[in-house]
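Q: This is the structure I want to talk about, given as structure tokens.
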Amino acid sequence: MNQAIRSWLASLGPGIITAALVFGPGSLTLASKIGSLYGYQLLWVSVVATVFMIVFTRMAARIGLANEASLLTIIREKWGHPVATLLGVGVFLVVSSFQAGNTIGVGLAFSELYGTSSIPWIIGMTLVGIGLLFFRSFYKVLEKVMMLLVGLMLVAFLGTVVMARPSLTGILSGLSPIVPTGSELLIIALVASTFSVVGAFYQSYLVQERGWKAQQRKQAHRESTSGIVILGLIGSMVLISAAAVLNPQSIEVKSATDMAKALEPLLGPQAKALFMYGLFGASFSSLIGNATIGGSLLGDALGYNSQLHSGPVRLLIALVMILGAAIAVVFGKLPLELIVFAQSITILIVPFIGVALIRVANDLIRMKELVNTLWQNVLAFAGLALLIILALANAKNLFF
């Protein structure tokens, strides 16, 4: 059994990295807010989003297994250099725009825990993140750090759930689809925070960094599924805790720190501390993960390849971290203009990423025996329809 557990943990790398970079402080805040407002009623949304994330993450993993070339290189060959460049630059701009939120989350977690200014923590943790780039085998270090942070989140939020003592009946009832009045925008946001097609896209790169080939298909499927299930569990535990503790008290939260402060008088200081450590895990993992995505894909788009041992790619990853820290220190929050800018770029690139993944996954010449099956396509096109609906809804809210 111990050997089996060690083998399973050793295979989790790419899936855990994807889960860690997707679940950030924004996801944590959103799950807290939804649980405080609607109780257990929207738990089903987290389950649906997790299922679609599994479908697209596994699809991207198969692309990485079946091809020596990176996914952006394949896109460049199929649709031309401008399209691949636009996609790589677009992802870089999106993650850079949201990076300040991850950096601020790290600073807030420690400033609330120790009653200090957040700025030294922001600068210190950014330097730690950049310091990881100097390790000879950055990918192996990245895997270990992400496993540690995800483990921290699991312990923190599981501990919060245990202290909250949620209703089993409430949890089960929350798995039945229902759309409470006025919850539509929050449902859209919750789906988008879990079903991250950019995170799924990068899974193909992580599989190639691992050196896996077509014969590791089952292993790649297993670890992709396990990683994303963990992602769904973490978000669900936060939602359930807020539903159990805050919703009955009609306490609404607007940020992750609000959630921690609200837990303290109800469950004690241990609950606040646990939740803050979870916030740190979510923030720091996304700080590193988003920077890695942005730097790798921009490097690939500019012709520097996407390998994490590449000097130019490491410099671009560091650039994302520095930009996030600079915005966090200067503004103290994520500026509204940057949020609008990032959402605008996201609306443009997310549907295309979904189309690109499905098109490549159905290319029989490139994919061979790993080409999408009928049922994989049914689920993939359902997920694509959901991505398009999300993009249209975001465009309506943003521009109209």
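In the structure tokens, the first chain shown is A, the next is B, and so on; residue numbers restart at 1 for each chain, and ligands run from 1 in the order shown.
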Assign secondary structure with DSSP using the backbone only, and return the residues of segment 149-362 of chain A in alpha helix (DSSP H) as a VMD selection string.
A: chain A and resid 149 to 164 168 to 173 184 to 194 197 to 210 217 to 245 256 to 267 269 to 301 311 to 331 336 to 361
Q: Give me, as JSON lines, each residue of segment 302-383 of chain A that comes within 12 Å of segment 182-195 of chain A, together with its shortest interatomic pair and the distance in Å at one decimal, counting only C-alpha atoms, with rows ordered by chain and rising residue number.
A:
{"residue": "A:Gln343", "atom": "CA", "partner": "A:Ala192", "partner_atom": "CA", "distance": 11.4}
{"residue": "A:Thr346", "atom": "CA", "partner": "A:Ala192", "partner_atom": "CA", "distance": 10.7}
{"residue": "A:Ile347", "atom": "CA", "partner": "A:Ala192", "partner_atom": "CA", "distance": 11.3}
{"residue": "A:Val350", "atom": "CA", "partner": "A:Ala192", "partner_atom": "CA", "distance": 10.3}
{"residue": "A:Gly354", "atom": "CA", "partner": "A:Phe195", "partner_atom": "CA", "distance": 11.2}
{"residue": "A:Gly383", "atom": "CA", "partner": "A:Phe195", "partner_atom": "CA", "distance": 9.0}
Q: With only C-alpha atoms counted and 12 Å as the cut-off, give the residues of segment 87-181 of chain A in contact with segment 204-218 of chain A, each with its shortest interatomic distance in Å and the pair that gives it, as a Markdown table.
A:
| residue | atom | partner | partner_atom | distance |
| --- | --- | --- | --- | --- |
| A:Ser137 | CA | A:Glu209 | CA | 10.6 |
| A:Phe138 | CA | A:Glu209 | CA | 10.3 |
| A:Tyr139 | CA | A:Glu209 | CA | 7.2 |
| A:Lys140 | CA | A:Arg210 | CA | 8.8 |
| A:Leu142 | CA | A:Leu206 | CA | 10.7 |
| A:Glu143 | CA | A:Leu206 | CA | 10.0 |
Q: I need the residues from that last selection saved to file as a PDB file, in the first residue's frame (with C-alpha atoms), if you can.
A:
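The resulting part-v1.pdb:
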ATOM      1  CA  SER A 137      15.959  21.306 -12.698  1.00  0.00           C
ATOM      2  CA  PHE A 138      13.240  23.914 -12.299  1.00  0.00           C
ATOM      3  CA  TYR A 139      10.459  21.523 -13.356  1.00  0.00           C
ATOM      4  CA  LYS A 140      11.255  18.992 -10.604  1.00  0.00           C
ATOM      5  CA  LEU A 142       8.127  23.176  -9.377  1.00  0.00           C
ATOM      6  CA  GLU A 143       6.446  19.784  -8.917  1.00  0.00           C
TER       7      GLU A 143
END
Q: Which neighbours of Gly159 of chain A fall inside 12 Å, counting only C-alpha atoms, when residues of the same chain fewer than 5 positions from it are skipped, and could you give them as number ranges by chain?
A: A: 151-154, 164-165, 234, 237-238, 241, 267, 270-275, 277-278
Q: Selected residues, C-alpha atoms, written as a PDB file, in the first residue's frame, please.
A:
ATOM      1  CA  GLY A 151      -1.126  19.637   0.487  1.00  0.00           C
ATOM      2  CA  LEU A 152      -1.203  22.799   2.602  1.00  0.00           C
ATOM      3  CA  MET A 153      -4.489  23.861   0.973  1.00  0.00           C
ATOM      4  CA  LEU A 154      -6.044  20.428   1.487  1.00  0.00           C
ATOM      5  CA  ALA A 164     -17.617  23.938  10.416  1.00  0.00           C
ATOM      6  CA  ARG A 165     -19.549  20.641  10.755  1.00  0.00           C
ATOM      7  CA  ILE A 234     -10.519  22.269  -2.613  1.00  0.00           C
ATOM      8  CA  MET A 237     -14.575  22.500   0.698  1.00  0.00           C
ATOM      9  CA  VAL A 238     -14.317  26.289   0.816  1.00  0.00           C
ATOM     10  CA  SER A 241     -17.427  25.800   4.920  1.00  0.00           C
ATOM     11  CA  LEU A 267     -15.028  28.909  15.120  1.00  0.00           C
ATOM     12  CA  GLN A 270      -7.496  28.412  14.772  1.00  0.00           C
ATOM     13  CA  ALA A 271     -10.038  28.610  11.957  1.00  0.00           C
ATOM     14  CA  LYS A 272      -8.766  32.007  10.877  1.00  0.00           C
ATOM     15  CA  ALA A 273      -5.152  30.807  10.920  1.00  0.00           C
ATOM     16  CA  LEU A 274      -5.984  27.648   8.970  1.00  0.00           C
ATOM     17  CA  PHE A 275      -7.869  29.625   6.349  1.00  0.00           C
ATOM     18  CA  TYR A 277      -2.508  29.381   5.424  1.00  0.00           C
ATOM     19  CA  GLY A 278      -4.857  28.046   2.759  1.00  0.00           C
TER      20      GLY A 278
END
Q: Name all residues at most 10 Å from Asn305 of chain A (count only C-alpha atoms; drop same-chain ones fewer than 5 positions away) and give them as a PyMOL selection string.
A: chain A and resi 69-70+72-73+296-300+310+312-313
Q: Go ahead and write the residues just picked, C-alpha atoms, as a tab-separated table (two decimals), in the first residue's frame.
A:
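Printed below is out_38.tsv as written:
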chain	number	residue	atom	x	y	z
A	69	ALA	CA	6.39	19.51	-31.05
A	70	SER	CA	4.76	21.88	-28.57
A	72	LEU	CA	1.84	26.30	-30.07
A	73	THR	CA	4.24	24.89	-32.68
A	296	SER	CA	6.61	29.52	-21.32
A	297	LEU	CA	3.93	30.33	-23.88
A	298	LEU	CA	5.36	33.74	-24.73
A	299	GLY	CA	8.79	32.14	-25.13
A	300	ASP	CA	7.28	29.52	-27.43
A	310	SER	CA	15.69	27.71	-21.30
A	312	PRO	CA	14.94	33.28	-22.09
A	313	VAL	CA	11.88	31.38	-20.81
Q: From the set A:Leu231, A:Leu266, A:Val51, A:Ile339, which residue has the shortest atom-to-atom contact distance to Phe23 of chain A, counting only C-alpha atoms?
A: A:Leu231
Q: For Leu392 of chain A, which residue among A:Leu357, A:Ala66, A:Leu348, A:Val371 is the nearest when counting only C-alpha atoms?
A: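 Checking each candidate against Leu392 of chain A, we get A:Leu348 as the closest.
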Q: Which polymer residues have any atom within 8 Å of an atom of Ala60 of chain A, counting only C-alpha atoms, with same-chain residues fewer than 5 positions away left out, as a PyMOL selection string?
A: chain A and resi 200-204+357+361
Q: So which one's closest to Leu338 of chain A, A:Leu71, A:Ala100, A:Leu28, A:Ile388? Using only C-alpha atoms, please.
A: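 Ranked by minimum distance to Leu338 of chain A, first place goes to A:Ala100.
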Q: Using only C-alpha atoms, which residue out of A:Ala282, A:Ile288, A:Ala393, A:Gly235 lies closest to Val161 of chain A?
A: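 Checking each candidate against Val161 of chain A, we get A:Gly235 as the closest.
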Q: Pick out the closest residue to Ala342 of chain A from this set: A:Val91, A:Ala19, A:Ser32, A:Pro25. Count only C-alpha atoms.
A: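 Closest candidate: A:Val91.
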Q: Just want the 10 Å neighbourhood of Lys333 of chain A, counted on only C-alpha atoms, with same-chain residues fewer than 4 positions away dropped. Output as a ChimeraX atom specification.
A: /A:100-101,103-105,327-329
Q: Please save N, CA and C atoms of the selected residues as a tab-separated table (two decimals), in the first residue's frame.
A:
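Final output, again_22.tsv:
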chain	number	residue	atom	x	y	z
A	100	ALA	N	-1.00	40.34	-10.27
A	100	ALA	CA	-1.01	41.20	-9.09
A	100	ALA	C	-1.94	40.65	-8.02
A	101	GLY	N	-3.08	40.08	-8.43
A	101	GLY	CA	-4.03	39.51	-7.48
A	101	GLY	C	-3.42	38.36	-6.69
A	103	THR	N	-0.18	37.95	-6.13
A	103	THR	CA	0.85	38.52	-5.28
A	103	THR	C	0.25	39.19	-4.05
A	104	ILE	N	-0.84	39.92	-4.26
A	104	ILE	CA	-1.52	40.59	-3.15
A	104	ILE	C	-2.05	39.55	-2.15
A	105	GLY	N	-2.57	38.42	-2.67
A	105	GLY	CA	-3.08	37.36	-1.80
A	105	GLY	C	-2.01	36.82	-0.87
A	327	ILE	N	2.91	45.99	-9.47
A	327	ILE	CA	1.52	46.48	-9.42
A	327	ILE	C	0.97	46.38	-8.01
A	328	ALA	N	1.27	45.25	-7.34
A	328	ALA	CA	0.77	45.04	-5.98
A	328	ALA	C	1.32	46.08	-5.01
A	329	VAL	N	2.60	46.39	-5.13
A	329	VAL	CA	3.23	47.36	-4.21
A	329	VAL	C	2.74	48.78	-4.51
Q: If we count only C-alpha atoms, what is near Gly227 of chain A at a cut-off of 6 Å, once residues fewer than 2 positions away on the same chain are taken out, given as a list in words?
A: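 Residues near the query, excluding close chain neighbours: Gly15, Ile16, Ala19, Glu223, Ser224, Thr225, Val229 and Ile230 of chain A.
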Q: Could those selected residues go to a file with N, CA and C atoms, as an mmCIF file, in the first residue's frame?
A:
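out13.cif, freshly written:
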data_model
loop_
_atom_site.group_PDB
_atom_site.id
_atom_site.type_symbol
_atom_site.label_atom_id
_atom_site.label_comp_id
_atom_site.auth_asym_id
_atom_site.auth_seq_id
_atom_site.Cartn_x
_atom_site.Cartn_y
_atom_site.Cartn_z
ATOM 1 N N GLY A 15 -0.618 17.127 -13.232
ATOM 2 C CA GLY A 15 -1.997 17.391 -12.798
ATOM 3 C C GLY A 15 -2.062 18.286 -11.583
ATOM 4 N N ILE A 16 -1.145 18.064 -10.641
ATOM 5 C CA ILE A 16 -1.104 18.895 -9.439
ATOM 6 C C ILE A 16 -0.708 20.327 -9.788
ATOM 7 N N ALA A 19 -3.735 21.998 -11.241
ATOM 8 C CA ALA A 19 -4.708 22.297 -10.184
ATOM 9 C C ALA A 19 -4.257 23.491 -9.347
ATOM 10 N N GLU A 223 -3.248 10.747 -13.695
ATOM 11 C CA GLU A 223 -2.745 11.877 -12.918
ATOM 12 C C GLU A 223 -3.467 13.170 -13.269
ATOM 13 N N SER A 224 -3.882 13.317 -14.535
ATOM 14 C CA SER A 224 -4.649 14.509 -14.905
ATOM 15 C C SER A 224 -5.974 14.536 -14.165
ATOM 16 N N THR A 225 -6.641 13.399 -14.146
ATOM 17 C CA THR A 225 -7.927 13.296 -13.456
ATOM 18 C C THR A 225 -7.764 13.540 -11.960
ATOM 19 N N VAL A 229 -9.509 16.577 -9.888
ATOM 20 C CA VAL A 229 -10.448 16.215 -8.815
ATOM 21 C C VAL A 229 -10.039 16.909 -7.522
ATOM 22 N N ILE A 230 -8.734 16.947 -7.247
ATOM 23 C CA ILE A 230 -8.250 17.662 -6.063
ATOM 24 C C ILE A 230 -8.602 19.140 -6.157
#
Q: Using only C-alpha atoms, can you tell me which of A:Ala325, A:Leu148, A:Leu233, A:Ile349 comes closest to Ile119 of chain A?
A: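 The answer is A:Ala325, which sits nearest to Ile119 of chain A.
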